[in-house]
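File shown: upload15.txt. Contents: compact mmCIF, C-alpha atoms and all ligand atoms.
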```
# COMPACT_ATOMS: atom_id res chain seq x y z
CA MET A 1 216.85 190.47 35.40
CA SER A 2 215.87 193.69 33.67
CA GLU A 3 212.80 193.84 31.51
CA GLN A 4 213.43 193.88 27.76
CA LYS A 5 212.58 197.32 26.38
CA PRO A 6 210.37 197.51 23.29
CA PRO A 7 212.09 198.64 20.06
CA LEU A 8 212.64 202.35 19.44
CA ASN A 9 210.22 204.26 17.27
CA LYS A 10 212.97 205.66 15.08
CA LEU A 11 211.05 208.44 13.32
CA ASN A 12 209.52 209.76 16.54
CA THR A 13 212.86 209.57 18.32
CA LEU A 14 214.57 211.44 15.49
CA ILE A 15 211.98 214.25 15.50
CA LEU A 16 211.75 214.50 19.28
CA THR A 17 215.52 214.68 19.76
CA SER A 18 216.63 216.71 16.73
CA THR A 19 214.12 219.55 17.16
CA PRO A 20 215.05 220.30 20.82
CA LEU A 21 218.71 220.03 19.89
CA ILE A 22 218.32 222.68 17.17
CA ALA A 23 216.14 224.80 19.48
CA LEU A 24 218.85 224.77 22.14
CA THR A 25 221.80 225.43 19.84
CA ILE A 26 221.15 226.89 16.39
CA VAL A 27 218.10 228.97 17.41
CA PRO A 28 219.97 231.00 20.08
CA TYR A 29 223.18 231.07 18.03
CA TYR A 30 221.35 232.53 15.05
CA GLY A 31 219.62 235.00 17.36
CA TYR A 32 223.00 236.08 18.71
CA ARG A 33 224.74 236.35 15.33
CA VAL A 34 221.94 237.63 13.10
CA GLY A 35 218.97 238.39 15.35
CA TYR A 36 215.24 237.96 14.90
CA ASP A 37 212.96 240.81 13.94
CA LEU A 38 209.43 241.63 15.10
CA PHE A 39 207.82 239.98 12.08
CA GLU A 40 209.59 236.70 12.79
CA TRP A 41 208.48 236.78 16.43
CA ALA A 42 204.93 237.58 15.29
CA MET A 43 205.01 234.51 13.01
CA PHE A 44 206.28 232.46 15.94
CA MET A 45 203.32 233.60 18.06
CA LEU A 46 200.86 232.96 15.24
CA PHE A 47 202.13 229.41 14.62
CA MET A 48 202.25 228.75 18.38
CA GLY A 49 198.64 229.85 18.78
CA LEU A 50 197.23 228.05 15.77
CA THR A 51 198.99 224.74 16.31
CA GLY A 52 198.30 224.81 20.06
CA LEU A 53 194.63 225.57 19.53
CA SER A 54 194.36 222.94 16.80
CA ILE A 55 195.20 220.33 19.44
CA SER A 56 192.88 221.74 22.08
CA VAL A 57 189.92 222.97 20.00
CA GLY A 58 190.26 220.33 17.28
CA TYR A 59 192.06 217.11 18.18
CA HIS A 60 191.01 217.07 21.82
CA ARG A 61 187.58 218.61 22.32
CA LEU A 62 186.06 218.22 18.85
CA TRP A 63 187.39 214.89 17.60
CA SER A 64 188.43 212.91 20.69
CA HIS A 65 185.53 213.91 22.92
CA LYS A 66 182.86 215.17 20.50
CA ALA A 67 182.13 217.97 22.96
CA TYR A 68 180.58 219.93 20.09
CA GLU A 69 180.07 219.68 16.35
CA ALA A 70 181.61 221.84 13.68
CA HIS A 71 181.21 223.05 10.13
CA PHE A 72 183.29 221.40 7.39
CA LEU A 73 185.53 224.47 6.97
CA TYR A 74 186.17 224.68 10.69
CA ARG A 75 187.21 221.02 10.76
CA LEU A 76 189.38 221.47 7.69
CA PHE A 77 191.13 224.49 9.22
CA TRP A 78 192.00 222.67 12.46
CA ALA A 79 192.95 219.48 10.61
CA ILE A 80 195.59 221.38 8.61
CA TRP A 81 197.01 223.22 11.63
CA GLY A 82 196.81 219.96 13.55
CA ALA A 83 199.14 218.34 11.00
CA CYS A 84 201.46 221.31 11.54
CA ALA A 85 201.45 220.59 15.31
CA LEU A 86 203.28 217.36 14.48
CA GLN A 87 201.47 215.12 16.96
CA ASN A 88 200.32 212.49 14.50
CA SER A 89 196.98 212.33 12.67
CA ILE A 90 193.59 213.07 14.22
CA LEU A 91 192.61 209.38 14.09
CA HIS A 92 195.78 208.26 15.81
CA TRP A 93 195.77 211.00 18.44
CA ALA A 94 192.07 210.55 19.26
CA SER A 95 192.43 206.77 19.46
CA ASP A 96 195.29 207.08 21.98
CA HIS A 97 193.42 209.72 23.90
CA ARG A 98 190.18 207.76 24.14
CA ASN A 99 192.20 204.83 25.48
CA HIS A 100 193.82 207.19 27.98
CA HIS A 101 190.41 208.21 29.34
CA ARG A 102 188.90 204.76 29.25
CA PHE A 103 191.80 202.97 30.91
CA VAL A 104 193.32 205.87 32.83
CA ASP A 105 196.29 204.81 35.03
CA LYS A 106 196.13 201.18 33.89
CA ASP A 107 199.65 200.33 32.82
CA LEU A 108 198.74 197.90 30.09
CA ARG A 109 196.00 199.91 28.39
CA ASP A 110 196.52 203.64 29.14
CA PRO A 111 199.07 204.67 26.46
CA TYR A 112 200.51 207.42 28.67
CA SER A 113 199.75 206.16 32.14
CA ALA A 114 201.06 208.57 34.78
CA LYS A 115 201.53 205.61 37.10
CA ARG A 116 204.55 204.66 34.98
CA GLY A 117 206.36 207.85 35.97
CA PHE A 118 206.93 211.39 34.72
CA TRP A 119 209.29 210.52 31.88
CA PHE A 120 207.11 207.76 30.47
CA SER A 121 203.87 209.76 30.54
CA HIS A 122 205.61 212.88 29.22
CA ILE A 123 207.55 211.57 26.24
CA GLY A 124 208.84 208.03 26.87
CA TRP A 125 205.64 206.43 25.60
CA ILE A 126 206.16 207.98 22.13
CA LEU A 127 209.80 207.00 21.77
CA ARG A 128 209.32 203.24 21.91
CA LYS A 129 206.77 200.86 20.47
CA TYR A 130 205.11 199.95 23.76
CA PRO A 131 202.22 197.46 23.49
CA SER A 132 200.05 199.93 25.46
CA GLY A 133 200.58 202.49 22.68
CA VAL A 134 199.46 200.23 19.86
CA ASP A 135 195.98 201.00 18.65
CA ASP A 136 193.92 199.50 15.88
CA HIS A 137 191.66 202.55 15.56
CA SER A 138 188.69 200.41 16.57
CA ASN A 139 187.66 203.12 19.04
CA VAL A 140 187.53 205.89 16.41
CA LYS A 141 185.16 204.32 13.89
CA ASP A 142 182.87 207.34 14.27
CA LEU A 143 185.74 209.63 13.22
CA MET A 144 186.37 207.56 10.12
CA GLU A 145 182.97 208.78 8.94
CA ASP A 146 184.35 212.30 8.93
CA PRO A 147 185.86 212.94 5.47
CA VAL A 148 188.15 215.62 6.91
CA ALA A 149 189.65 213.25 9.51
CA ARG A 150 190.01 210.51 6.87
CA TRP A 151 191.68 212.87 4.40
CA GLN A 152 194.05 214.24 7.04
CA HIS A 153 195.03 210.71 8.07
CA LYS A 154 195.72 209.70 4.49
CA TYR A 155 197.80 212.77 3.67
CA TYR A 156 199.23 213.37 7.12
CA PHE A 157 202.87 213.03 6.08
CA PRO A 158 202.86 215.50 3.15
CA LEU A 159 200.63 217.89 5.13
CA ALA A 160 203.02 217.80 8.09
CA VAL A 161 206.07 218.40 5.87
CA LEU A 162 204.43 221.20 3.89
CA THR A 163 203.08 223.09 6.90
CA ASN A 164 206.26 222.70 8.93
CA SER A 165 208.87 223.52 6.34
CA ALA A 166 207.45 224.82 3.07
CA LEU A 167 205.06 227.25 4.77
CA PRO A 168 207.59 228.90 7.13
CA LEU A 169 210.14 228.95 4.30
CA LEU A 170 207.65 230.61 1.95
CA ILE A 171 206.74 233.20 4.58
CA GLY A 172 210.44 233.75 5.27
CA TYR A 173 211.17 234.12 1.55
CA LEU A 174 208.40 236.70 1.13
CA HIS A 175 209.68 238.50 4.21
CA GLY A 176 213.20 238.55 2.75
CA ASN A 177 214.88 236.17 5.20
CA LEU A 178 214.37 232.42 4.94
CA TRP A 179 216.00 231.22 8.14
CA GLY A 180 214.63 233.43 10.89
CA THR A 181 211.00 232.39 10.31
CA LEU A 182 211.91 228.73 9.88
CA LEU A 183 213.87 228.64 13.14
CA LEU A 184 211.26 230.44 15.24
CA ALA A 185 207.88 229.55 13.68
CA GLY A 186 209.17 226.14 12.63
CA VAL A 187 211.61 224.60 15.08
CA LEU A 188 211.26 226.54 18.34
CA ARG A 189 207.47 226.49 18.06
CA ILE A 190 207.37 222.71 17.48
CA VAL A 191 209.46 222.02 20.57
CA LEU A 192 207.51 224.33 22.89
CA ASN A 193 204.14 223.13 21.65
CA HIS A 194 205.14 219.50 21.93
CA HIS A 195 206.26 219.85 25.53
CA PHE A 196 203.32 222.04 26.58
CA THR A 197 200.97 219.32 25.33
CA PHE A 198 203.10 216.57 26.92
CA LEU A 199 202.85 218.35 30.29
CA ILE A 200 199.13 217.58 30.35
CA ASN A 201 199.92 213.87 30.26
CA SER A 202 202.70 214.15 32.82
CA LEU A 203 202.48 217.14 35.18
CA ALA A 204 198.67 217.48 35.06
CA HIS A 205 198.56 213.93 36.42
CA ILE A 206 200.97 214.73 39.26
CA TRP A 207 200.56 218.31 40.51
CA GLY A 208 197.30 220.03 41.43
CA GLY A 209 193.90 219.64 43.07
CA GLN A 210 191.44 216.78 42.76
CA ASN A 211 188.09 218.32 43.60
CA TYR A 212 185.95 216.43 41.08
CA ASP A 213 187.32 212.91 41.06
CA PRO A 214 190.06 211.60 43.36
CA ASN A 215 189.88 208.11 41.86
CA ASN A 216 192.41 208.76 39.11
CA THR A 217 195.67 210.70 38.93
CA ALA A 218 194.35 213.69 36.91
CA ARG A 219 194.78 217.12 38.56
CA ASP A 220 193.50 220.65 38.14
CA ASN A 221 196.49 222.87 37.56
CA HIS A 222 195.74 226.56 36.91
CA LEU A 223 199.31 227.38 35.93
CA LEU A 224 199.38 224.76 33.18
CA ALA A 225 196.19 226.19 31.68
CA TYR A 226 198.19 229.28 30.62
CA PHE A 227 200.51 227.19 28.45
CA THR A 228 197.94 224.78 27.08
CA TYR A 229 195.05 226.98 25.93
CA GLY A 230 192.97 225.97 28.93
CA GLU A 231 193.78 222.28 29.21
CA GLY A 232 195.18 222.53 32.74
CA TYR A 233 191.84 221.83 34.45
CA HIS A 234 192.47 218.16 33.97
CA ASN A 235 190.75 216.64 37.01
CA TYR A 236 187.51 218.30 35.98
CA HIS A 237 188.12 217.18 32.41
CA HIS A 238 188.56 213.53 33.38
CA ARG A 239 185.27 213.68 35.32
CA PHE A 240 183.25 215.49 32.61
CA GLN A 241 185.24 214.72 29.48
CA TRP A 242 182.48 215.66 27.01
CA ASP A 243 182.17 219.24 28.33
CA TYR A 244 183.40 221.66 25.65
CA ARG A 245 184.95 223.65 28.51
CA ASN A 246 187.85 222.56 30.69
CA GLY A 247 187.89 225.63 32.93
CA ILE A 248 184.27 225.99 34.01
CA LYS A 249 184.40 229.30 35.89
CA TRP A 250 184.24 232.42 33.71
CA TRP A 251 187.60 233.53 35.05
CA HIS A 252 189.33 230.23 34.32
CA PHE A 253 191.90 230.77 31.58
CA ASP A 254 190.49 228.62 28.79
CA PRO A 255 190.97 230.24 25.36
CA ALA A 256 189.83 227.02 23.63
CA LYS A 257 186.47 227.30 25.41
CA TRP A 258 186.16 230.99 24.47
CA LEU A 259 186.97 230.28 20.85
CA ILE A 260 184.49 227.39 20.58
CA LYS A 261 181.81 229.60 22.16
CA ILE A 262 182.52 232.58 19.89
CA SER A 263 182.57 230.27 16.86
CA SER A 264 179.08 229.07 17.81
CA TRP A 265 177.74 232.59 17.23
CA THR A 266 178.71 232.26 13.57
CA GLY A 267 177.54 228.66 13.13
CA LEU A 268 181.07 227.33 12.65
CA SER A 269 180.63 225.32 15.86
CA TYR A 270 177.33 224.08 17.22
CA GLY A 271 175.76 221.59 19.64
CA LEU A 272 178.13 222.64 22.45
CA LYS A 273 177.80 220.17 25.35
CA LYS A 274 178.09 220.88 29.05
CA PRO A 275 176.67 219.20 32.16
CA SER A 276 174.17 220.79 34.52
CA GLU A 277 175.85 222.97 37.15
CA PHE A 278 174.03 220.85 39.76
CA LYS A 279 175.66 217.67 38.48
CA ILE A 280 179.04 219.37 38.80
CA GLU A 281 178.20 220.49 42.34
CA GLN A 282 177.16 216.93 43.18
CA ALA A 283 180.53 215.63 42.01
CA CYS A 284 182.38 218.15 44.22
CA LEU A 285 180.08 217.47 47.15
CA LYS A 286 180.77 213.75 46.99
CA VAL A 287 184.53 214.31 47.08
CA GLU A 288 184.16 216.77 49.93
CA TYR A 289 181.86 214.43 51.87
CA ASN A 290 184.31 211.56 51.69
CA ARG A 291 187.17 213.80 52.80
CA VAL A 292 185.24 215.25 55.73
CA LEU A 293 183.95 211.82 56.72
CA ALA A 294 187.47 210.44 56.83
CA LYS A 295 188.46 213.17 59.32
CA SER A 296 185.36 213.10 61.49
CA PRO A 297 184.77 211.08 64.66
CA SER A 298 182.34 208.22 64.16
CA SER A 299 179.91 209.85 66.63
CA ILE A 300 178.87 212.44 64.08
CA SER A 301 179.15 210.35 60.92
CA GLU A 302 175.39 209.71 60.86
CA HIS A 303 174.75 213.44 61.21
CA LEU A 304 177.15 214.17 58.34
CA LYS A 305 175.59 211.51 56.18
CA ASN A 306 172.16 213.07 56.67
CA GLY A 307 173.36 216.53 55.70
CA TYR A 308 175.13 215.16 52.67
CA GLU A 309 172.20 213.06 51.51
CA LYS A 310 169.74 215.93 51.82
CA LEU A 311 171.87 218.30 49.79
CA ASN A 312 172.82 215.64 47.27
CA GLY A 313 169.18 214.64 46.80
CA ALA A 314 168.14 218.25 46.25
CA LEU A 315 170.89 218.69 43.65
CA GLU A 316 169.76 215.52 41.91
CA ASP A 317 166.16 216.77 41.80
CA LEU A 318 167.23 220.17 40.53
CA ALA A 319 169.28 218.66 37.73
CA ALA A 320 166.32 216.46 36.75
CA LEU A 321 163.90 219.40 36.80
CA GLN A 322 166.29 221.50 34.79
CA LYS A 323 166.43 218.75 32.17
CA GLN A 324 162.66 218.38 32.16
CA TRP A 325 162.23 222.13 31.82
CA ALA A 326 164.63 222.25 28.87
CA GLU A 327 162.76 219.36 27.25
CA THR A 328 159.31 220.94 27.68
CA ASP A 329 160.79 224.13 26.32
CA ARG A 330 161.89 222.29 23.18
CA ALA A 331 158.78 220.14 22.72
CA SER A 332 156.32 221.68 20.31
CA ASN A 333 153.23 220.21 22.01
CA LYS A 334 154.02 221.54 25.47
CA SER A 335 151.30 223.40 27.32
CA GLN A 336 151.96 226.66 29.10
CA LEU A 337 150.71 224.98 32.27
CA ASP A 338 153.25 222.11 32.11
CA GLN A 339 156.02 224.58 31.58
CA SER A 340 155.06 226.91 34.41
CA GLU A 341 154.57 223.94 36.78
CA VAL A 342 158.10 222.69 36.17
CA LYS A 343 159.51 226.18 36.39
CA LYS A 344 157.68 226.80 39.69
CA ARG A 345 159.02 223.59 41.25
CA TYR A 346 162.47 224.38 39.98
CA ASP A 347 162.43 227.90 41.47
CA GLU A 348 161.15 226.61 44.82
CA LEU A 349 163.80 223.95 45.08
CA LYS A 350 166.49 226.39 44.00
CA SER A 351 165.66 228.85 46.77
CA ASN A 352 165.39 226.00 49.25
CA ILE A 353 168.78 224.58 48.38
CA SER A 354 170.68 227.54 49.81
CA ASN A 355 169.49 226.48 53.29
CA LEU A 356 170.73 222.94 52.68
CA ARG A 357 174.06 224.31 51.50
CA GLN A 358 174.39 226.44 54.66
CA GLU A 359 173.64 223.40 56.81
CA TRP A 360 176.27 221.40 55.01
CA TYR A 361 178.90 224.15 55.32
CA ALA A 362 178.19 224.40 59.07
CA LEU A 363 178.60 220.65 59.51
CA ARG A 364 181.76 220.61 57.47
CA SER A 365 183.40 223.46 59.40
CA GLU A 366 182.48 221.75 62.67
CA VAL A 367 184.53 218.72 61.64
CA ILE A 368 187.41 220.63 60.08
CA ALA A 369 187.69 222.99 63.11
ZN ZN B 401 194.66 212.76 31.40
ZN ZN B 402 190.53 214.37 27.15
```
Re-express the file's structure as structure tokens.
Amino acid sequence: MSEQKPPLNKLNTLILTSTPLIALTIVPYYGYRVGYDLFEWAMFMLFMGLTGLSISVGYHRLWSHKAYEAHFLYRLFWAIWGACALQNSILHWASDHRNHHRFVDKDLRDPYSAKRGFWFSHIGWILRKYPSGVDDHSNVKDLMEDPVARWQHKYYFPLAVLTNSALPLLIGYLHGNLWGTLLLAGVLRIVLNHHFTFLINSLAHIWGGQNYDPNNTARDNHLLAYFTYGEGYHNYHHRFQWDYRNGIKWWHFDPAKWLIKISSWTGLSYGLKKPSEFKIEQACLKVEYNRVLAKSPSSISEHLKNGYEKLNGALEDLAALQKQWAETDRASNKSQLDQSEVKKRYDELKSNISNLRQEWYALRSEVIA
């Protein structure tokens, strides 16, 4: 007996089927018959960038995870472009996303659980009224205190209509051709942005490395980062979800991180959060240890455990000292002596840790070889 499917979400289904249909038929047909000019392509790129970043910089890292704080105007800007991205209101999106992190891979609570297959996690979950997708916004009470998020939620529908049709039409009218801008910056952009975001829920839970946390399906996928403004480093993100960065290396393609950082120089963003690099190393070390241990003969498991515990302990101490040092640095009543003591211990341990790392690498290669 087949399971009864929940009822269709008619509005979502209409939007998510009609826009790709137009993008696959009328958009190329118009391009073939009339053509698109450089200005129209530039508008397409601008709308792509702003709506894509509104999800990453705004919906995801600012509102869902509170990875940093932001000025009223900054929030307002991303709230408006976020409505244009046509992925529901901030409150709704953040509520779903917080559930996704909290109950990741649990069929009944994760709204887009990857365990339910590619189609479901990609788009299926939006098309029907699944019980796992119902949220009462009880997990976004903090966001309801934000007047910008409240306002955007209240006026989401008119904002979405205005930014998606009136704005491209107005730009097209001023440019002297209504349809070209609407088709590219409106329709084609909506479809691509939708599916690029959806790929984080589907593909970034299927394909890629798991160097930070193998206990859930999230993956680090460098390729996806190029389409999602840096959101491809999803295994790291699930482990350290409140980090304002997703790609932590300087060379990781993460435009959202760069923008948040640059904005902090002007005061538009502030209070940027990130974990200690030693905490991150600890997370990787733990994954690596368990992998190596699984491959190693039991005769050396004690030896491995020792190496791991020594390095892990040193990393733990370093992270604690780093925190203490930052705190003494901030405290107004600190003495020079306290500060230099902590700094001295920190420096000693830091130079010592390279030996522990070498020992660990040697042990690891012994097992792997
Ligand atoms: Zn995820
Ligand atoms: Zn997230």
(message) as a PyMOL selection string, please: the residues near A:Asp220 (cut-off 9 Å, all atoms listed in the file, same-chain neighbours under 2 positions excluded).
(response) chain A and resi 204-205+207-211+218+222+224-225+232-237
Taking all atoms listed in the file and a cut-off of 10 Å, can you tell me which residues surround ligand ZN 401 (chain B), written as an mmCIF file with C-alpha atoms, in the frame of the given file?
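New file part35.cif:
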```
data_model
loop_
_atom_site.group_PDB
_atom_site.id
_atom_site.type_symbol
_atom_site.label_atom_id
_atom_site.label_comp_id
_atom_site.auth_asym_id
_atom_site.auth_seq_id
_atom_site.Cartn_x
_atom_site.Cartn_y
_atom_site.Cartn_z
ATOM 1 C CA HIS A 97 193.420 209.720 23.900
ATOM 2 C CA ARG A 98 190.180 207.760 24.140
ATOM 3 C CA HIS A 100 193.820 207.190 27.980
ATOM 4 C CA HIS A 101 190.410 208.210 29.340
ATOM 5 C CA VAL A 104 193.320 205.870 32.830
ATOM 6 C CA ASP A 105 196.290 204.810 35.030
ATOM 7 C CA ASP A 110 196.520 203.640 29.140
ATOM 8 C CA TYR A 112 200.510 207.420 28.670
ATOM 9 C CA SER A 113 199.750 206.160 32.140
ATOM 10 C CA ALA A 114 201.060 208.570 34.780
ATOM 11 C CA SER A 121 203.870 209.760 30.540
ATOM 12 C CA LEU A 199 202.850 218.350 30.290
ATOM 13 C CA ILE A 200 199.130 217.580 30.350
ATOM 14 C CA ASN A 201 199.920 213.870 30.260
ATOM 15 C CA SER A 202 202.700 214.150 32.820
ATOM 16 C CA LEU A 203 202.480 217.140 35.180
ATOM 17 C CA ALA A 204 198.670 217.480 35.060
ATOM 18 C CA HIS A 205 198.560 213.930 36.420
ATOM 19 C CA ASN A 216 192.410 208.760 39.110
ATOM 20 C CA THR A 217 195.670 210.700 38.930
ATOM 21 C CA ALA A 218 194.350 213.690 36.910
ATOM 22 C CA ARG A 219 194.780 217.120 38.560
ATOM 23 C CA GLU A 231 193.780 222.280 29.210
ATOM 24 C CA GLY A 232 195.180 222.530 32.740
ATOM 25 C CA TYR A 233 191.840 221.830 34.450
ATOM 26 C CA HIS A 234 192.470 218.160 33.970
ATOM 27 C CA ASN A 235 190.750 216.640 37.010
ATOM 28 C CA HIS A 237 188.120 217.180 32.410
ATOM 29 C CA HIS A 238 188.560 213.530 33.380
ATOM 30 C CA GLN A 241 185.240 214.720 29.480
#
```
(message) I want to know what sits within 10 Å of A:Glu316, based on only C-alpha atoms, with residues of the same chain fewer than 4 positions away left out; could you give that as a list in words?
(response) Phe278, Lys279, Glu281, Gln282, Lys310, Leu311, Asn312, Ala320, Leu321 and Gln322 of chain A
(request) Could you please determine the separation between atom CA of A:Ala42 and atom CA of A:Trp179 in Å, to one decimal place? (result)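 Result for atom CA of A:Ala42 versus atom CA of A:Trp179: 14.6 Å, one decimal.
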(request) For atom CA of A:Gly117 and atom CA of A:Asn246, determine how far apart the two atoms are, in Å to one decimal place. (result)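 One can read the atom CA of A:Gly117 to atom CA of A:Asn246 distance as 24.2 Å.
The space separating atom CA of A:Arg245 from atom CA of A:Trp93 comes to 19.5 Å.
Ranking A:Ala94, A:Val34, A:Ala79, A:Ala294 by their shortest atom-to-atom distance to ligand ZN 402 (chain B), with all atoms listed in the file included, puts A:Ala94 first.
With only C-alpha atoms as the atoms that count, the residue of A:Ala23, A:Leu16, A:Leu91, A:Leu169 with the shortest distance to A:Asp136 is A:Leu91.
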(message) Residues near A:Phe240, anyone? I mean within 12 Å using all atoms listed in the file, not counting same-chain ones fewer than 6 positions away, as a list in words.
(response)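 My list of contacting residues is Arg61, His65, Ala67, His101, Tyr212, Asp213, Tyr233, His234, Asn246, Gly247, Ile248, Lys273, Lys274, Pro275, Ser276, Glu277, Lys279, Ile280, Ala283 and Cys284 of chain A.
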(message) When you count all atoms listed in the file, which of these residues is closest to ligand ZN 402 (chain B): A:Arg189, A:Arg116, A:His122, A:Arg102?
(response)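 Using all atoms listed in the file, the shortest distance to ligand ZN 402 (chain B) belongs to A:Arg102.
Residue nearest A:Ser351, chosen from A:Ala314, A:Leu11, A:Thr328, A:Tyr226 and counting only C-alpha atoms: A:Ala314.
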(request) Write out as a list in words which residues come within 10 Å of A:Thr13 when counting only C-alpha atoms, dropping same-chain ones fewer than 6 positions away. (result)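 Using only C-alpha atoms, the neighbours found are Ile123, Gly124, Ile126, Leu127 and Arg128 of chain A.
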(message) Between A:Phe77, A:Trp125, A:Phe118, A:Tyr36, which residue has the minimum interatomic distance to A:Lys5, considering all atoms listed in the file?
(response)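 The shortest atom-to-atom distance to A:Lys5 comes from A:Trp125.
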Leaving out stretch 355-361 of chain A and any residue of its chain fewer than 6 positions from it, which residues lie within 12 Å of it when counting all atoms listed in the file, given as a short mmCIF file (atom, residue, chain, number, x, y, z; two decimals) with C-alpha atoms, keeping the file's coordinate frame?
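Below you can see selection22.cif, which holds the result:
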```cif
data_model
loop_
_atom_site.label_atom_id
_atom_site.label_comp_id
_atom_site.auth_asym_id
_atom_site.auth_seq_id
_atom_site.Cartn_x
_atom_site.Cartn_y
_atom_site.Cartn_z
CA GLU A 281 178.20 220.49 42.34
CA GLN A 282 177.16 216.93 43.18
CA LEU A 285 180.08 217.47 47.15
CA LYS A 286 180.77 213.75 46.99
CA GLU A 288 184.16 216.77 49.93
CA TYR A 289 181.86 214.43 51.87
CA VAL A 292 185.24 215.25 55.73
CA HIS A 303 174.75 213.44 61.21
CA LEU A 304 177.15 214.17 58.34
CA LYS A 305 175.59 211.51 56.18
CA ASN A 306 172.16 213.07 56.67
CA GLY A 307 173.36 216.53 55.70
CA TYR A 308 175.13 215.16 52.67
CA GLU A 309 172.20 213.06 51.51
CA LYS A 310 169.74 215.93 51.82
CA LEU A 311 171.87 218.30 49.79
CA ASN A 312 172.82 215.64 47.27
CA GLY A 313 169.18 214.64 46.80
CA ALA A 314 168.14 218.25 46.25
CA LEU A 315 170.89 218.69 43.65
CA GLU A 348 161.15 226.61 44.82
CA LEU A 349 163.80 223.95 45.08
CA VAL A 367 184.53 218.72 61.64
CA ILE A 368 187.41 220.63 60.08
CA ALA A 369 187.69 222.99 63.11
#
```
